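Engineer: First, the structure itself, so that you have it in front of you.
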Amino acid sequence: MTSQYVFPSKLGMFRIVQHGRRWRALHDRMECGRHDSAEAALATLRAVWPQARLPGQLDAWRQSEMIRVRLPAPPMPRWSTAY
């Protein structure tokens with residue numbers, strides 16, 4: 001299960017996503033950097049996008065859990081041979 005912080009803005013969707021032990025700062029689909037803490041990722045987003053008026057605290061962001069679902073493998077075809 002991966003956690004993420006999300007903040008919609010007029011300039012696009014800003015996200016801070018946990019990626020293993022590190023945090024990724026994202027603007028829409030563009031990665032702005034990888035950091036050791038979510039707070040450091042937030043500081044980077046605020047520095048790179050000051051016009052977005054991102055909140056200074058992660059409490060103001062929407063937090064959600066992303067559940068990675070592993071889809072079952074498609075069934076293998078059964079071949080029959082006619083003799």
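Ligands are numbered from 1 in the order shown, residues from 1 within each chain, and chains are lettered A, B, ... in the order they appear in the structure tokens.
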Quick one: everything within 10 Å of A:Ala60, counting only C-alpha atoms, minus sequence neighbours fewer than 5 positions away in the same chain. Send it as a ChimeraX atom specification.
Structural biologist: /A:5-7,54-55
Engineer: Excluding stretch 18-26 of chain A and any residue of its chain fewer than 6 positions from it, enumerate the residues within 10 Å of it, using only C-alpha atoms, and give them as JSON, numbers by chain.
Structural biologist: {"A": [1, 2, 3, 4, 5, 6, 32, 33, 34, 35, 36, 37, 38, 39, 40, 41, 42, 43, 44, 45, 66]}
Engineer: Next, the residues of the selection above should be written as an mmCIF file, in the first residue's frame with C-alpha atoms.
Structural biologist:
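Output saved as part-v4.cif:
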```cif
data_model
loop_
_atom_site.group_PDB
_atom_site.id
_atom_site.type_symbol
_atom_site.label_atom_id
_atom_site.label_comp_id
_atom_site.auth_asym_id
_atom_site.auth_seq_id
_atom_site.Cartn_x
_atom_site.Cartn_y
_atom_site.Cartn_z
ATOM 1 C CA MET A 1 0.000 0.000 0.000
ATOM 2 C CA THR A 2 1.406 3.361 -1.013
ATOM 3 C CA SER A 3 0.402 6.654 0.542
ATOM 4 C CA GLN A 4 0.191 9.968 -1.202
ATOM 5 C CA TYR A 5 -0.737 13.587 -0.609
ATOM 6 C CA VAL A 6 -2.816 15.348 -3.262
ATOM 7 C CA CYS A 32 10.095 17.451 -9.639
ATOM 8 C CA GLY A 33 12.386 15.401 -7.411
ATOM 9 C CA ARG A 34 12.836 12.579 -4.911
ATOM 10 C CA HIS A 35 13.264 13.283 -1.220
ATOM 11 C CA ASP A 36 13.793 11.544 2.110
ATOM 12 C CA SER A 37 10.663 13.053 3.693
ATOM 13 C CA ALA A 38 7.272 14.294 2.572
ATOM 14 C CA GLU A 39 8.039 17.702 4.102
ATOM 15 C CA ALA A 40 11.152 18.064 1.930
ATOM 16 C CA ALA A 41 9.086 17.173 -1.142
ATOM 17 C CA LEU A 42 6.536 19.814 -0.145
ATOM 18 C CA ALA A 43 9.275 22.430 0.250
ATOM 19 C CA THR A 44 10.567 21.624 -3.234
ATOM 20 C CA LEU A 45 7.119 21.920 -4.809
ATOM 21 C CA MET A 66 -3.249 3.840 -3.138
#
```
Engineer: To one decimal place in Å, what is the distance between atom CA of A:Met30 and atom CA of A:Leu11?
Structural biologist: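 That distance, rounded to one decimal, is 12.7 Å.
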Engineer: In chain A, what's alpha helix (DSSP H) per DSSP? Answer as JSON, numbers by chain?
Structural biologist: {"A": [38, 39, 40, 41, 42, 43, 44, 45, 46, 47, 48]}
Engineer: With distances taken over only C-alpha atoms, which of A:Pro50, A:Pro74, A:Glu31, A:Gly56 is nearest to A:Ile16?
Structural biologist: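 Nearest to A:Ile16: A:Glu31.
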Engineer: Please extract the residues of stretch 21-80 of chain A with a backbone DSSP assignment of strand (DSSP E) and present them as number ranges by chain.
Structural biologist: A: 22-27, 30-35, 62-66
